[in-house]
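Below is one structure, written out as structure tokens; comments come after it.
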Amino acid sequence: MLLQVPILSMTPVRLMSTVAWLILATTGVAAIAADPDVDLGGVAETHAMVPMRDGAKLSVWLYTPPGAGPWPVLFEQRYADLRGKGTRVAAARLAARGFVVALVNYRGTYQSEGTWQGYRALAWGKLQDGYDVCEWLGTQPWSTGKVGTFGSSQGGYAQNFLAVTQPTHLVAQYMTDTGLSLFQEGYRIGGVTRPIRFKSLEGVCRDPEDNRRLMKEWYQHPDYDDYWRDEDCSLHFDKMNVPCMTIGSWYDFMNQGSIASFIGRNHQGGPNSRGKQQLVIGPWLHGRLNKGSKVGDLVYPENAAWPEEDHMVRWFNHYLKGDDNGVDRDPPVRYYVMGAVGEDGAPGNIWRARKSWPPGSKLTPWYLQADGKLGLTAPDSEQAGTSWISDPLHPMSIPGAGFPGATDARPFEAQSEVRTFTTEPLTEPIEWTGRVRAEVYLSSTAKDTDVIVRVSDVYPDGRSILIIDYPLRLRYREGFDKQVLMAPGKVERVAFDIGWLSQVFNKGHRIRVTIASTGSPLYEPNPQTGEPLTIEPPDKVVKATNTVHHDRKYASRIIAPLVSAEEK
């Protein structure tokens, strides 16, 4: 029963409507009104501490639209700060369209109680924080009982974890640039550890020691074992059972997770998941509400922009409010075929729709050749290779913490220990749509090393626009579940996926493959000793000479998804 309270007792009236006050009065949890330092229009902003099954309380910021309600609820889970002006205004803008919006901090971060343990408390173990929040939101008197989730990156991972736990009030999801496995796509990339990146998470913790303890735990599990399987949502698609809209970005290494989420849910999910997934992939960088036409150094046509917020509202209006607006009948897959920008009449820069992913293509080898050439003809020399030095103490430089897609890669390519292989100028446009794979033959003077493989579109003016890259730590070349060190000097076949793309390389452009073993700080250097990896830089490191072989016996190549006119 709603409490009867006089209007004059509510403060601050400018932020808190009658219904918002009643939300707090009937939840049974401690709550306060937010500081009125941001104009949220008629939306009320309140704060609640919501109890989990173990008694810890999570910080939840609620944004309530004007009116009497009840409303469906949308919520996002993050370890990052939720109090930035942009975050608050975006939440209020979404709430004004007829939803209660809840922003939740992971346990142990900011005002949320409990011990920080990364995503583990969101999973399917003793703690299921996402489940508990979802059920709390779905059972409040101001809720219709229909709950949806949204968010990107960390907020995408959280949604996959939540779907596996099957809360009864979860109806639909909307994920952007998401992931599934923390080993392959989070704490490691291609087996490459990233301690500097994840030390920074001490800044979100109530107790920074929690993060230090967690990182020590990670390093006790260097291989993909049961510990990491407990954080791998790709093993549990059968338990995911809600419609989900997934947005992926071509210039994002996590696009592999976005596409894998769509495929797994659509084909292996429960009956309310199979055939009810949608996927959109566009020419964007990692993030949310950044899906415009200006990307990195490039400006695409206006058709490249995706109306993420408007489409998300349309999606949830259908699934949470019952609007027959046709969103469920949209094509299951829509992807943007990227083309050259700033060139009149250049092919590409169009959207295509498909029933499934990936579309048809012909897997075609492009061979690394002598003198830095790349071509369709296999090398025929008896012995040939290209070498470089990999020195952990003097690594090549890739600045920043995020993949620098859609930018000119020449500053990296010009560094002394980076090697490039480039086609002749194309006489006709060539389209690659699908997954690109590396199959290279490498030898090293060290027991362990890394290899980074990149693909760029080289414009006639020389710009080398980076599209995809991926690293592999060679101790994991036979699988992430075991370490197999190299015999110095022995040639090893190394095969791994570089990434997904849909790109038309225009006439007059060239295709470039770049290979290196270091690119710091984006990829933290391998000490190359073969010894167990450590959080702190080790005292002992080894400088190595690495060689990629490209001859008749060891024909290094990348395998590209060539699209013919019939398949377009």
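Residues in the structure tokens are numbered from 1 in each chain, the chains being A, B, ... in the order shown, and ligands are numbered from 1 in the order shown.
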Segment 79-90 of chain A surroundings by only C-alpha atoms, 6 Å radius, close-in-sequence under 3 positions cut, as a list of chain:residue names: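 So, after excluding close chain neighbours, the residues are A:Arg93, A:Asn105, A:Tyr106.
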Would you mind telling me which residue in A:Asn546, A:Thr64, A:Ser143, A:Thr364 lies nearest to Leu562 of chain A when using only C-alpha atoms?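 Of A:Asn546, A:Thr64, A:Ser143, A:Thr364, the one nearest Leu562 of chain A is A:Thr364, counting only C-alpha atoms.
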Write out as number ranges by chain the set of residues from segment 146-179 of chain A that DSSP, computed on the backbone, places in helix (DSSP H, G or I). A: 154-165
Counting only C-alpha atoms, give me one row per residue of segment 131-233 of chain A with an atom at most 8 Å from an atom of segment 44-58 of chain A, showing the shortest contact pair and its distance in Å to one decimal, sorted by chain then residue number, as JSON lines.
```
{"residue": "A:Asp132", "atom": "CA", "partner": "A:Met52", "partner_atom": "CA", "distance": 6.0}
{"residue": "A:Val133", "atom": "CA", "partner": "A:Val50", "partner_atom": "CA", "distance": 7.3}
{"residue": "A:Trp136", "atom": "CA", "partner": "A:Val50", "partner_atom": "CA", "distance": 7.8}
```
Could you check the closest approach to Arg188 of chain A for each of A:Leu426, A:Ala304, A:Val484, A:Met254 and tell me which residue wins, using only C-alpha atoms? A:Met254
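Backbone DSSP assigns strand (DSSP E) in segment 212-251 of chain A to Cys244, Met245, Thr246, Ile247, Gly248, Ser249, Trp250 and Tyr251 of chain A.
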Export, as a compact mmCIF listing (two decimals), in the first residue's frame, the selected residues with N, CA, C and O atoms.
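Writing the result to part20.txt gives the following:
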```
# COMPACT_ATOMS: atom_id res chain seq x y z
N CYS A 244 17.45 -9.98 -27.85
CA CYS A 244 18.52 -9.01 -27.60
C CYS A 244 18.92 -8.33 -28.89
O CYS A 244 19.09 -9.00 -29.92
N MET A 245 19.06 -7.03 -28.83
CA MET A 245 19.62 -6.24 -29.91
C MET A 245 21.09 -6.03 -29.59
O MET A 245 21.43 -5.56 -28.50
N THR A 246 21.98 -6.39 -30.52
CA THR A 246 23.42 -6.24 -30.30
C THR A 246 24.01 -5.33 -31.36
O THR A 246 23.78 -5.52 -32.56
N ILE A 247 24.77 -4.34 -30.91
CA ILE A 247 25.48 -3.43 -31.81
C ILE A 247 26.96 -3.74 -31.72
O ILE A 247 27.53 -3.80 -30.62
N GLY A 248 27.57 -3.95 -32.87
CA GLY A 248 29.01 -4.15 -32.94
C GLY A 248 29.64 -3.04 -33.76
O GLY A 248 28.97 -2.36 -34.54
N SER A 249 30.94 -2.86 -33.61
CA SER A 249 31.66 -1.78 -34.28
C SER A 249 32.87 -2.38 -34.99
O SER A 249 33.66 -3.11 -34.39
N TRP A 250 33.04 -2.04 -36.26
CA TRP A 250 34.15 -2.59 -37.03
C TRP A 250 35.50 -2.22 -36.43
O TRP A 250 36.43 -3.02 -36.43
N TYR A 251 35.62 -1.00 -35.90
CA TYR A 251 36.90 -0.54 -35.36
C TYR A 251 36.98 -0.81 -33.86
O TYR A 251 37.33 0.06 -33.07
```
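With only C-alpha atoms as the atoms that count, the minimum distance from Pro301 of chain A to the choices A:Tyr319, A:Trp351, A:Tyr335, A:Tyr523 is reached by A:Trp351.
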Have a look at A:Ile452, A:Val504, A:Met215, A:Ile535 and name the one nearest to Trp432 of chain A; count only C-alpha atoms.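 Ranked by minimum distance to Trp432 of chain A, first place goes to A:Val504.
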